[in-house]
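Data file: input-v3.txt. Format and content: compact mmCIF, C-alpha atoms.
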```txt
# COMPACT_ATOMS: atom_id res chain seq x y z
CA MET V 9 220.26 243.16 385.74
CA LYS V 10 217.16 241.01 385.28
CA LYS V 11 217.63 237.31 386.08
CA THR V 12 216.20 234.96 383.51
CA VAL V 13 214.57 231.78 384.71
CA ALA V 14 213.60 228.83 382.55
CA VAL V 15 211.67 225.68 383.34
CA TYR V 16 212.88 222.35 381.97
CA PRO V 17 209.87 220.05 382.38
CA GLY V 18 209.67 216.32 381.83
CA SER V 19 209.05 212.97 383.42
CA PHE V 20 212.80 212.24 383.72
CA ASP V 21 212.12 208.55 384.41
CA PRO V 22 215.10 208.38 384.66
CA ILE V 23 217.26 211.39 383.84
CA THR V 24 219.76 210.60 381.07
CA ASN V 25 222.97 212.19 379.88
CA GLY V 26 220.90 213.58 377.00
CA HIS V 27 218.74 215.47 379.50
CA LEU V 28 221.86 216.70 381.30
CA ASP V 29 223.34 217.84 377.98
CA ILE V 30 220.30 220.03 377.33
CA LEU V 31 220.32 221.29 380.94
CA MET V 32 224.00 222.27 380.94
CA ARG V 33 223.76 223.98 377.57
CA GLY V 34 220.60 225.75 378.75
CA LEU V 35 222.57 227.22 381.63
CA GLU V 36 224.61 229.12 379.05
CA LEU V 37 221.38 230.94 378.12
CA PHE V 38 219.62 231.31 381.48
CA ASP V 39 220.66 232.39 384.96
CA LYS V 40 218.57 229.67 386.58
CA ILE V 41 216.80 226.56 385.37
CA ILE V 42 214.11 224.76 387.29
CA VAL V 43 214.01 221.08 386.38
CA ALA V 44 210.33 220.33 386.90
CA VAL V 45 209.40 216.66 387.25
CA ALA V 46 205.88 216.12 385.95
CA HIS V 47 203.34 213.91 387.65
CA ASN V 48 202.27 212.10 384.49
CA VAL V 49 199.44 209.70 385.23
CA GLU V 50 199.44 208.43 381.63
CA LYS V 51 202.95 207.00 381.93
CA LYS V 52 203.73 204.06 384.19
CA ALA V 53 206.84 205.29 385.97
CA LEU V 54 209.67 203.07 387.16
CA PHE V 55 210.82 205.63 389.72
CA THR V 56 208.58 207.67 392.01
CA VAL V 57 208.57 211.44 391.61
CA GLU V 58 210.62 211.70 394.80
CA GLU V 59 213.17 209.16 393.51
CA ARG V 60 213.45 210.99 390.19
CA MET V 61 214.00 214.30 391.97
CA ALA V 62 216.71 212.74 394.15
CA LEU V 63 218.44 211.27 391.09
CA ILE V 64 218.40 214.64 389.36
CA ARG V 65 219.74 216.42 392.46
CA GLU V 66 222.54 213.87 392.77
CA SER V 67 223.33 214.22 389.05
CA ILE V 68 223.67 218.02 389.22
CA LYS V 69 225.17 218.19 392.71
CA GLY V 70 226.94 221.47 393.41
CA ASN V 71 225.22 223.49 390.69
CA ASP V 72 223.58 226.48 392.36
CA HIS V 73 221.91 227.58 389.13
CA VAL V 74 219.63 224.53 388.97
CA GLU V 75 216.60 223.89 391.14
CA VAL V 76 214.64 220.63 391.16
CA ASP V 77 210.89 220.70 391.72
CA ASN V 78 207.78 218.83 390.65
CA PHE V 79 204.42 219.86 389.33
CA ASP V 80 200.96 218.65 388.62
CA GLY V 81 198.51 220.04 386.10
CA LEU V 82 199.16 222.49 383.29
CA LEU V 83 202.72 223.54 382.56
CA VAL V 84 201.61 227.12 381.87
CA ASP V 85 200.24 227.37 385.41
CA TYR V 86 203.49 226.06 386.87
CA VAL V 87 205.60 228.45 384.76
CA LYS V 88 203.49 231.37 385.98
CA LYS V 89 203.70 230.16 389.59
CA VAL V 90 207.54 230.15 389.57
CA ASN V 91 207.75 233.49 387.73
CA ALA V 92 209.48 232.04 384.70
CA ARG V 93 208.90 233.01 381.11
CA PHE V 94 210.78 230.34 379.19
CA VAL V 95 210.43 226.60 378.82
CA ILE V 96 213.28 224.45 377.51
CA ARG V 97 212.55 221.36 375.46
CA GLY V 98 215.06 218.98 373.94
CA LEU V 99 214.57 217.57 370.47
CA ARG V 100 216.05 214.33 369.14
CA ALA V 101 214.16 213.65 365.94
CA MET V 102 211.51 215.01 363.63
CA SER V 103 208.85 213.06 365.52
CA ASP V 104 209.83 214.94 368.71
CA PHE V 105 209.42 218.22 366.87
CA GLU V 106 205.85 217.50 365.76
CA TYR V 107 204.70 216.70 369.29
CA GLU V 108 206.69 219.50 370.91
CA PHE V 109 205.51 222.04 368.34
CA GLN V 110 201.89 221.19 369.14
CA MET V 111 202.50 221.47 372.88
CA ALA V 112 204.41 224.75 372.54
CA SER V 113 201.66 226.18 370.36
CA MET V 114 198.97 225.21 372.87
CA ASN V 115 201.02 226.61 375.76
CA ARG V 116 201.56 229.85 373.87
CA ASN V 117 197.82 230.03 373.22
CA LEU V 118 197.16 229.61 376.95
CA ASN V 119 199.87 232.07 378.00
CA ARG V 120 201.09 234.67 375.51
CA ASP V 121 203.96 235.60 377.85
CA MET V 122 205.51 232.12 377.75
CA ASP V 123 208.02 231.05 375.12
CA THR V 124 209.43 227.60 374.41
CA ILE V 125 213.09 227.24 373.50
CA PHE V 126 213.90 224.10 371.50
CA MET V 127 217.39 222.68 371.79
CA MET V 128 218.74 219.86 369.67
CA THR V 129 220.27 217.05 371.68
CA SER V 130 223.97 216.54 371.00
CA LYS V 131 224.85 213.86 368.47
CA ASP V 132 226.21 211.62 371.22
CA TYR V 133 222.78 211.38 372.84
CA PHE V 134 220.16 211.80 370.12
CA PHE V 135 219.26 208.08 370.20
CA ILE V 136 218.72 207.98 373.97
CA SER V 137 215.29 208.02 375.59
CA SER V 138 214.34 207.17 379.14
CA ARG V 139 212.13 204.39 377.80
CA THR V 140 215.00 202.82 375.86
CA ILE V 141 217.33 203.13 378.84
CA LYS V 142 214.83 201.31 381.07
CA GLU V 143 214.33 198.57 378.51
CA VAL V 144 218.06 197.99 378.02
CA ALA V 145 218.69 198.04 381.77
CA SER V 146 215.84 195.58 382.41
CA PHE V 147 217.70 193.01 380.30
CA ASN V 148 221.00 193.74 382.07
CA GLY V 149 222.30 195.70 379.07
CA CYS V 150 225.01 198.30 379.49
CA VAL V 151 223.79 201.87 379.95
CA SER V 152 227.12 203.18 381.19
CA GLY V 153 227.92 206.56 379.65
CA LEU V 154 224.28 207.10 378.72
CA VAL V 155 223.06 207.95 382.21
CA PRO V 156 224.74 209.39 385.31
CA ASP V 157 226.48 206.77 387.47
CA ILE V 158 223.88 207.08 390.24
CA VAL V 159 221.10 206.35 387.73
CA GLU V 160 222.92 203.28 386.43
CA LYS V 161 223.26 202.02 390.01
CA LYS V 162 219.58 202.65 390.82
CA LEU V 163 218.45 200.97 387.59
CA LYS V 164 220.41 197.85 388.56
CA GLU V 165 218.77 197.92 391.99
CA LYS V 166 215.28 198.36 390.52
CA PHE V 167 215.80 195.42 388.21
CA ALA V 168 217.62 193.44 390.95
CA LEU V 169 220.73 193.11 388.78
CA VAL V 170 223.24 193.92 391.51
```

Turn the structure described in the file into structure tokens.
Amino acid sequence: MKKTVAVYPGSFDPITNGHLDILMRGLELFDKIIVAVAHNVEKKALFTVEERMALIRESIKGNDHVEVDNFDGLLVDYVKKVNARFVIRGLRAMSDFEYEFQMASMNRNLNRDMDTIFMMTSKDYFFISSRTIKEVASFNGCVSGLVPDIVEKKLKEKFALV
């Protein structure tokens, strides 16, 4: 039987329970998912790529069907490099769809063998974004239940709120 591999790309700065929701539901569709942390020079990251990868690994500890990696450059090149065919993207709102639709269309234009699977974030997490989580945490707001425990701890450390 052919094993299906999907790539779940993003900045994950930091990973949230919304991201994990998409990842766990994606595992019902795919044999393996590679969470690919993007080197995004346009975004000023709170966590380094290495820190983000460590947070993701800790958050999915014990799941042999998930691999954590990072990439630079075009997503289509990375997808080809890891022999995947599918990309998973989470959607929260209509504004997400417009951006993601454009990106998926461009990726499909660059690689006809690549398909993007859109998954709606569960209702419990549709309002969460990494940016909002960082902002709330920076003012010592409660992010418990919105991010994995390790992420909450690391956010407090980053903002010296321990």

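With CA of Val84 (chain V) on one side and CA of Asp72 (chain V) on the other, the separation reads 24.4 Å.
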
Who sits within 8 Å of region 45-52 of chain V, all atoms listed in the file, same chain under 6 positions skipped, as a ChimeraX atom specification: /V:17-20,60-61,76-81

Give me the residues near region 115-128 of chain V as a PDB file with C-alpha atoms, in the frame of the given file, where near means some atom within 9 Å (using only C-alpha atoms) and where sequence neighbours in that chain fewer than 2 positions away do not count.
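As a result, result-v3.pdb now contains:
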```pdb
ATOM      1  CA  ILE V  30     220.300 220.030 377.330  1.00  0.00           C
ATOM      2  CA  ARG V  33     223.760 223.980 377.570  1.00  0.00           C
ATOM      3  CA  GLY V  34     220.600 225.750 378.750  1.00  0.00           C
ATOM      4  CA  LEU V  82     199.160 222.490 383.290  1.00  0.00           C
ATOM      5  CA  LEU V  83     202.720 223.540 382.560  1.00  0.00           C
ATOM      6  CA  VAL V  84     201.610 227.120 381.870  1.00  0.00           C
ATOM      7  CA  ASP V  85     200.240 227.370 385.410  1.00  0.00           C
ATOM      8  CA  VAL V  87     205.600 228.450 384.760  1.00  0.00           C
ATOM      9  CA  LYS V  88     203.490 231.370 385.980  1.00  0.00           C
ATOM     10  CA  ALA V  92     209.480 232.040 384.700  1.00  0.00           C
ATOM     11  CA  ARG V  93     208.900 233.010 381.110  1.00  0.00           C
ATOM     12  CA  PHE V  94     210.780 230.340 379.190  1.00  0.00           C
ATOM     13  CA  VAL V  95     210.430 226.600 378.820  1.00  0.00           C
ATOM     14  CA  ILE V  96     213.280 224.450 377.510  1.00  0.00           C
ATOM     15  CA  ARG V  97     212.550 221.360 375.460  1.00  0.00           C
ATOM     16  CA  GLY V  98     215.060 218.980 373.940  1.00  0.00           C
ATOM     17  CA  LEU V  99     214.570 217.570 370.470  1.00  0.00           C
ATOM     18  CA  ARG V 100     216.050 214.330 369.140  1.00  0.00           C
ATOM     19  CA  ALA V 101     214.160 213.650 365.940  1.00  0.00           C
ATOM     20  CA  PHE V 105     209.420 218.220 366.870  1.00  0.00           C
ATOM     21  CA  GLU V 108     206.690 219.500 370.910  1.00  0.00           C
ATOM     22  CA  GLN V 110     201.890 221.190 369.140  1.00  0.00           C
ATOM     23  CA  MET V 111     202.500 221.470 372.880  1.00  0.00           C
ATOM     24  CA  ALA V 112     204.410 224.750 372.540  1.00  0.00           C
ATOM     25  CA  SER V 113     201.660 226.180 370.360  1.00  0.00           C
ATOM     26  CA  SER V 130     223.970 216.540 371.000  1.00  0.00           C
ATOM     27  CA  LYS V 131     224.850 213.860 368.470  1.00  0.00           C
ATOM     28  CA  PHE V 134     220.160 211.800 370.120  1.00  0.00           C
TER      29      PHE V 134
END
```

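CA of Asn71 (chain V) sits 15.6 Å away from CA of Val15 (chain V).
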
Nearest to Arg139 (chain V) by atom-to-atom distance, counting all atoms listed in the file, from V:Ile42, V:Ala53, V:Asp104, V:Glu66: V:Ala53

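Shell of Asp132 (chain V) at 10 Å, with only C-alpha atoms counted and residues fewer than 3 places along the chain excluded, is Asn25, Gly26, Asp29, Thr129, Phe135, Ile136, Gly153 and Leu154 of chain V.
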
Supply region 118-139 of chain V as an mmCIF file, in the coordinates of the input, with N, CA and C atoms built in where the input has gaps.
```
data_model
loop_
_atom_site.group_PDB
_atom_site.id
_atom_site.type_symbol
_atom_site.label_atom_id
_atom_site.label_comp_id
_atom_site.auth_asym_id
_atom_site.auth_seq_id
_atom_site.Cartn_x
_atom_site.Cartn_y
_atom_site.Cartn_z
ATOM 1 N N LEU V 118 197.652 229.468 375.579
ATOM 2 C CA LEU V 118 197.160 229.610 376.950
ATOM 3 C C LEU V 118 197.858 230.741 377.706
ATOM 4 N N ASN V 119 199.111 231.023 377.332
ATOM 5 C CA ASN V 119 199.870 232.070 378.000
ATOM 6 C C ASN V 119 200.781 232.761 376.992
ATOM 7 N N ARG V 120 200.357 233.914 376.528
ATOM 8 C CA ARG V 120 201.090 234.670 375.510
ATOM 9 C C ARG V 120 202.470 235.129 375.985
ATOM 10 N N ASP V 121 202.685 235.147 377.300
ATOM 11 C CA ASP V 121 203.960 235.600 377.850
ATOM 12 C C ASP V 121 204.983 234.475 377.977
ATOM 13 N N MET V 122 204.618 233.273 377.599
ATOM 14 C CA MET V 122 205.510 232.120 377.750
ATOM 15 C C MET V 122 206.068 231.714 376.389
ATOM 16 N N ASP V 123 207.375 231.498 376.348
ATOM 17 C CA ASP V 123 208.020 231.050 375.120
ATOM 18 C C ASP V 123 208.733 229.723 375.362
ATOM 19 N N THR V 124 208.734 228.884 374.344
ATOM 20 C CA THR V 124 209.430 227.600 374.410
ATOM 21 C C THR V 124 210.695 227.685 373.569
ATOM 22 N N ILE V 125 211.786 227.278 374.171
ATOM 23 C CA ILE V 125 213.090 227.240 373.500
ATOM 24 C C ILE V 125 213.392 225.775 373.182
ATOM 25 N N PHE V 126 213.566 225.464 371.904
ATOM 26 C CA PHE V 126 213.900 224.100 371.500
ATOM 27 C C PHE V 126 215.409 223.988 371.344
ATOM 28 N N MET V 127 215.962 222.937 371.915
ATOM 29 C CA MET V 127 217.390 222.680 371.790
ATOM 30 C C MET V 127 217.590 221.276 371.246
ATOM 31 N N MET V 128 218.426 221.174 370.240
ATOM 32 C CA MET V 128 218.740 219.860 369.670
ATOM 33 C C MET V 128 219.689 219.130 370.613
ATOM 34 N N THR V 129 219.387 217.873 370.873
ATOM 35 C CA THR V 129 220.270 217.050 371.680
ATOM 36 C C THR V 129 221.565 216.818 370.914
ATOM 37 N N SER V 130 222.675 216.791 371.631
ATOM 38 C CA SER V 130 223.970 216.540 371.000
ATOM 39 C C SER V 130 223.980 215.189 370.302
ATOM 40 N N LYS V 131 224.803 215.083 369.280
ATOM 41 C CA LYS V 131 224.850 213.860 368.470
ATOM 42 C C LYS V 131 225.159 212.613 369.287
ATOM 43 N N ASP V 132 225.872 212.773 370.386
ATOM 44 C CA ASP V 132 226.210 211.620 371.220
ATOM 45 C C ASP V 132 225.010 211.037 371.955
ATOM 46 N N TYR V 133 223.927 211.804 372.037
ATOM 47 C CA TYR V 133 222.780 211.380 372.840
ATOM 48 C C TYR V 133 221.454 211.355 372.102
ATOM 49 N N PHE V 134 221.433 211.658 370.814
ATOM 50 C CA PHE V 134 220.160 211.800 370.120
ATOM 51 C C PHE V 134 219.338 210.510 370.079
ATOM 52 N N PHE V 135 219.959 209.371 370.252
ATOM 53 C CA PHE V 135 219.260 208.080 370.200
ATOM 54 C C PHE V 135 218.768 207.621 371.571
ATOM 55 N N ILE V 136 219.065 208.379 372.609
ATOM 56 C CA ILE V 136 218.720 207.980 373.970
ATOM 57 C C ILE V 136 217.326 208.483 374.342
ATOM 58 N N SER V 137 216.542 207.619 374.942
ATOM 59 C CA SER V 137 215.290 208.020 375.590
ATOM 60 C C SER V 137 215.216 207.283 376.913
ATOM 61 N N SER V 138 214.495 207.839 377.851
ATOM 62 C CA SER V 138 214.340 207.170 379.140
ATOM 63 C C SER V 138 213.727 205.788 378.962
ATOM 64 N N ARG V 139 212.778 205.684 378.052
ATOM 65 C CA ARG V 139 212.130 204.390 377.800
ATOM 66 C C ARG V 139 213.136 203.349 377.317
#
```
